[in-house]
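Enquirer: Okay, here's the structure, questions in a sec.
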Amino acid sequence: MAIAAFGHSPGQMGLEISSSDHRFLFVADAIVLPLHLEYPEAIGMTDHRPSEMVETRIKLLEKAAREKSLVSTSHFAFPGLGYVAPKRNPWEWRAPGGSAEARVVGHPSH
(Lines give C-alpha, C1' and ligand atoms only; values in the text may rest on other atoms or scores of the structure.)
Protein backbone atom coordinates (compact mmCIF):
# COMPACT_ATOMS: atom_id res chain seq x y z
CA MET A 1 0.00 0.00 0.00
CA ALA A 2 1.31 3.45 -0.86
CA ILE A 3 1.49 5.84 2.10
CA ALA A 4 1.99 9.59 2.16
CA ALA A 5 5.55 10.70 2.91
CA PHE A 6 5.15 14.35 1.98
CA GLY A 7 7.50 17.20 2.78
CA HIS A 8 10.88 16.28 1.34
CA SER A 9 9.89 16.09 -2.32
CA PRO A 10 6.58 17.05 -3.93
CA GLY A 11 4.23 14.06 -3.92
CA GLN A 12 6.68 11.69 -2.25
CA MET A 13 5.20 8.38 -1.16
CA GLY A 14 6.38 5.56 1.06
CA LEU A 15 5.38 1.93 0.85
CA GLU A 16 3.95 -0.50 3.36
CA ILE A 17 3.88 -4.24 2.73
CA SER A 18 2.26 -6.59 5.20
CA SER A 19 1.59 -10.30 5.45
CA SER A 20 -0.25 -11.70 8.47
CA ASP A 21 1.55 -10.10 11.42
CA HIS A 22 4.74 -9.04 9.54
CA ARG A 23 5.20 -5.48 8.29
CA PHE A 24 7.74 -3.77 6.04
CA LEU A 25 7.82 0.03 5.78
CA PHE A 26 9.83 1.90 3.15
CA VAL A 27 10.07 5.50 4.35
CA ALA A 28 11.77 6.89 1.22
CA ASP A 29 13.43 10.23 2.08
CA ALA A 30 11.45 10.88 5.26
CA ILE A 31 14.41 9.62 7.30
CA VAL A 32 17.63 10.65 5.60
CA LEU A 33 20.15 10.62 8.46
CA PRO A 34 20.50 8.59 11.66
CA LEU A 35 20.29 12.02 13.32
CA HIS A 36 16.59 12.10 12.40
CA LEU A 37 15.89 9.36 14.95
CA GLU A 38 17.20 11.47 17.84
CA TYR A 39 16.16 14.82 16.41
CA PRO A 40 13.14 14.26 14.17
CA GLU A 41 12.60 18.01 13.97
CA ALA A 42 15.91 18.46 12.10
CA ILE A 43 15.31 19.67 8.57
CA GLY A 44 17.48 19.65 5.49
CA MET A 45 18.07 22.21 2.80
CA THR A 46 16.40 19.87 0.30
CA ASP A 47 13.15 19.59 2.27
CA HIS A 48 10.61 21.42 0.11
CA ARG A 49 8.12 21.81 2.96
CA PRO A 50 10.11 21.58 6.21
CA SER A 51 7.20 21.65 8.68
CA GLU A 52 5.33 19.01 6.67
CA MET A 53 8.52 16.90 6.53
CA VAL A 54 8.88 16.96 10.31
CA GLU A 55 5.22 16.00 10.78
CA THR A 56 5.58 13.15 8.26
CA ARG A 57 8.80 11.88 9.84
CA ILE A 58 7.29 11.76 13.32
CA LYS A 59 4.17 9.96 12.06
CA LEU A 60 6.27 7.36 10.24
CA LEU A 61 8.60 6.82 13.20
CA GLU A 62 5.62 6.39 15.53
CA LYS A 63 3.98 3.97 13.09
CA ALA A 64 7.16 1.93 12.65
CA ALA A 65 7.72 1.63 16.40
CA ARG A 66 4.08 0.90 17.23
CA GLU A 67 3.69 -1.75 14.52
CA LYS A 68 7.22 -3.18 14.93
CA SER A 69 7.77 -2.80 11.18
CA LEU A 70 11.00 -3.65 9.45
CA VAL A 71 12.01 -0.25 8.06
CA SER A 72 13.97 0.57 4.93
CA THR A 73 15.39 3.97 4.10
CA SER A 74 17.31 4.97 1.01
CA HIS A 75 20.04 6.92 2.75
CA PHE A 76 21.38 4.83 5.63
CA ALA A 77 24.49 2.71 5.17
CA PHE A 78 23.84 -0.61 3.42
CA PRO A 79 21.58 -2.46 3.85
CA GLY A 80 19.47 0.39 5.28
CA LEU A 81 17.17 -2.01 7.13
CA GLY A 82 16.25 -1.92 10.79
CA TYR A 83 13.63 -1.47 13.44
CA VAL A 84 12.65 1.74 15.19
CA ALA A 85 12.30 1.42 18.95
CA PRO A 86 11.12 4.04 21.45
CA LYS A 87 13.89 5.68 23.46
CA ARG A 88 14.29 8.82 25.51
CA ASN A 89 15.58 10.94 22.61
CA PRO A 90 13.02 9.74 21.17
CA TRP A 91 13.89 6.67 19.00
CA GLU A 92 16.75 4.31 18.32
CA TRP A 93 17.62 2.16 15.32
CA ARG A 94 18.03 -1.58 15.83
CA ALA A 95 19.55 -3.81 13.22
CA PRO A 96 17.55 -6.90 12.18
CA GLY A 97 18.38 -10.07 14.06
CA GLY A 98 18.15 -8.67 17.58
CA SER A 99 21.35 -6.62 17.58
CA ALA A 100 21.51 -4.05 20.34
CA GLU A 101 22.97 -1.38 18.05
CA ALA A 102 21.54 1.97 19.09
CA ARG A 103 22.10 3.70 15.76
CA VAL A 104 23.24 2.97 12.27
CA VAL A 105 26.99 3.23 12.03
CA GLY A 106 28.02 4.79 8.76
CA HIS A 107 26.92 7.69 6.69
CA PRO A 108 24.17 8.44 4.24
CA SER A 109 24.65 7.34 0.66
CA HIS A 110 24.39 10.95 -0.55
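Going by the C-alpha coordinates order, chains are called A, B, ..., each with residues numbered from 1, while ligands are numbered from 1 in the order shown.
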According to DSSP computed on the backbone, where in region 1-106 of chain A is there alpha helix (DSSP H)? Give the residues as a ChimeraX atom specification.

Expert: /A:35-38,50-67

Enquirer: In Å, with one decimal, what is the gap from CA of Tyr83 (chain A) to CA of Val54 (chain A)?

Expert: 19.3 Å

Enquirer: Enumerate as a PyMOL selection string all residues of chain A assigned to strand (DSSP E) by DSSP on the backbone, naming them with the chain letters and numbers the document uses.

Expert: chain A and resi 2-4+13-19+22-26+70-72+81-86+91-94

Enquirer: Limited to N, CA, C and O atoms, could you put the picked residues into a file as a short mmCIF file (atom, residue, chain, number, x, y, z; two decimals), in the first residue's frame?

Expert:
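That gives us part25.cif:
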```
data_model
loop_
_atom_site.label_atom_id
_atom_site.label_comp_id
_atom_site.auth_asym_id
_atom_site.auth_seq_id
_atom_site.Cartn_x
_atom_site.Cartn_y
_atom_site.Cartn_z
N ALA A 2 0.59 2.18 -0.85
CA ALA A 2 1.31 3.45 -0.86
C ALA A 2 0.86 4.28 0.33
O ALA A 2 -0.32 4.29 0.69
N ILE A 3 1.82 4.96 0.98
CA ILE A 3 1.49 5.84 2.10
C ILE A 3 2.14 7.20 1.88
O ILE A 3 3.23 7.29 1.32
N ALA A 4 1.48 8.22 2.32
CA ALA A 4 1.99 9.59 2.16
C ALA A 4 3.29 9.76 2.93
O ALA A 4 3.41 9.35 4.07
N MET A 13 5.97 9.44 -1.80
CA MET A 13 5.20 8.38 -1.16
C MET A 13 6.15 7.36 -0.56
O MET A 13 7.27 7.17 -1.04
N GLY A 14 5.69 6.70 0.49
CA GLY A 14 6.38 5.56 1.06
C GLY A 14 5.61 4.31 0.65
O GLY A 14 4.67 4.38 -0.13
N LEU A 15 6.01 3.19 1.20
CA LEU A 15 5.38 1.93 0.85
C LEU A 15 5.30 1.05 2.08
O LEU A 15 6.26 0.94 2.83
N GLU A 16 4.13 0.45 2.27
CA GLU A 16 3.95 -0.50 3.36
C GLU A 16 3.51 -1.84 2.76
O GLU A 16 2.59 -1.89 1.95
N ILE A 17 4.22 -2.89 3.15
CA ILE A 17 3.88 -4.24 2.73
C ILE A 17 3.64 -5.04 4.00
O ILE A 17 4.43 -4.97 4.94
N SER A 18 2.54 -5.78 4.03
CA SER A 18 2.26 -6.59 5.20
C SER A 18 1.75 -7.96 4.79
O SER A 18 1.14 -8.12 3.73
N SER A 19 2.05 -8.93 5.64
CA SER A 19 1.59 -10.30 5.45
C SER A 19 1.38 -10.89 6.83
O SER A 19 2.33 -10.94 7.62
N HIS A 22 3.45 -9.62 9.92
CA HIS A 22 4.74 -9.04 9.54
C HIS A 22 4.52 -7.78 8.71
O HIS A 22 3.65 -7.74 7.85
N ARG A 23 5.34 -6.76 9.00
CA ARG A 23 5.20 -5.48 8.29
C ARG A 23 6.57 -4.99 7.82
O ARG A 23 7.57 -5.11 8.51
N PHE A 24 6.56 -4.40 6.63
CA PHE A 24 7.74 -3.77 6.04
C PHE A 24 7.33 -2.35 5.65
O PHE A 24 6.29 -2.15 5.02
N LEU A 25 8.13 -1.37 6.04
CA LEU A 25 7.82 0.03 5.78
C LEU A 25 9.01 0.70 5.10
O LEU A 25 10.09 0.80 5.69
N PHE A 26 8.82 1.12 3.85
CA PHE A 26 9.83 1.90 3.15
C PHE A 26 9.48 3.36 3.34
O PHE A 26 8.41 3.80 2.92
N LEU A 70 9.65 -3.71 9.99
CA LEU A 70 11.00 -3.65 9.45
C LEU A 70 11.02 -2.42 8.55
O LEU A 70 10.16 -2.27 7.67
N VAL A 71 11.98 -1.53 8.76
CA VAL A 71 12.01 -0.25 8.06
C VAL A 71 13.18 -0.23 7.08
O VAL A 71 14.27 -0.70 7.39
N SER A 72 12.93 0.35 5.93
CA SER A 72 13.97 0.57 4.93
C SER A 72 14.00 2.05 4.60
O SER A 72 12.96 2.68 4.42
N LEU A 81 18.32 -1.34 6.53
CA LEU A 81 17.17 -2.01 7.13
C LEU A 81 17.31 -2.05 8.64
O LEU A 81 18.41 -2.25 9.16
N GLY A 82 16.21 -1.85 9.34
CA GLY A 82 16.25 -1.92 10.79
C GLY A 82 14.87 -1.73 11.39
O GLY A 82 13.87 -1.62 10.67
N TYR A 83 14.87 -1.69 12.70
CA TYR A 83 13.63 -1.47 13.44
C TYR A 83 13.78 -0.18 14.24
O TYR A 83 14.87 0.16 14.68
N VAL A 84 12.68 0.52 14.40
CA VAL A 84 12.65 1.74 15.19
C VAL A 84 12.05 1.38 16.55
O VAL A 84 10.98 0.78 16.61
N ALA A 85 12.78 1.72 17.60
CA ALA A 85 12.30 1.42 18.95
C ALA A 85 12.23 2.71 19.75
O ALA A 85 13.09 3.59 19.59
N PRO A 86 11.22 2.84 20.60
CA PRO A 86 11.12 4.04 21.45
C PRO A 86 12.34 4.15 22.36
O PRO A 86 12.90 3.16 22.81
N TRP A 91 13.86 8.02 19.56
CA TRP A 91 13.89 6.67 19.00
C TRP A 91 15.31 6.20 18.83
O TRP A 91 16.25 6.97 18.80
N GLU A 92 15.46 4.88 18.67
CA GLU A 92 16.75 4.31 18.32
C GLU A 92 16.55 3.33 17.17
O GLU A 92 15.45 2.85 16.94
N TRP A 93 17.62 3.06 16.46
CA TRP A 93 17.62 2.16 15.32
C TRP A 93 18.22 0.84 15.76
O TRP A 93 19.30 0.82 16.36
N ARG A 94 17.54 -0.24 15.48
CA ARG A 94 18.03 -1.58 15.83
C ARG A 94 18.16 -2.40 14.55
O ARG A 94 17.21 -2.48 13.78
#
```

Enquirer: At a cut-off of 7 Å, using only C-alpha atoms, what residues contact Asp47 (chain A)? Leave out same-chain residues fewer than 4 positions from it and give the result as a list in words.

Expert: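 Those residues are Gly7, His8, Ser9, Ile43 and Met53 of chain A.
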
Enquirer: To one decimal in Å, tell me the separation between CA of Ala5 (chain A) and CA of Val27 (chain A).

Expert: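 Spanning CA of Ala5 (chain A) to CA of Val27 (chain A) is a straight-line distance of 7.0 Å.
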
Enquirer: Let me make sure I understand: among A:Glu52, A:Ala95, A:Arg88, A:Ala77, which one has the smallest atom-to-atom distance to Glu38 (chain A) if we use only C-alpha atoms?

Expert: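 Closest to Glu38 (chain A) of all the choices is A:Arg88.
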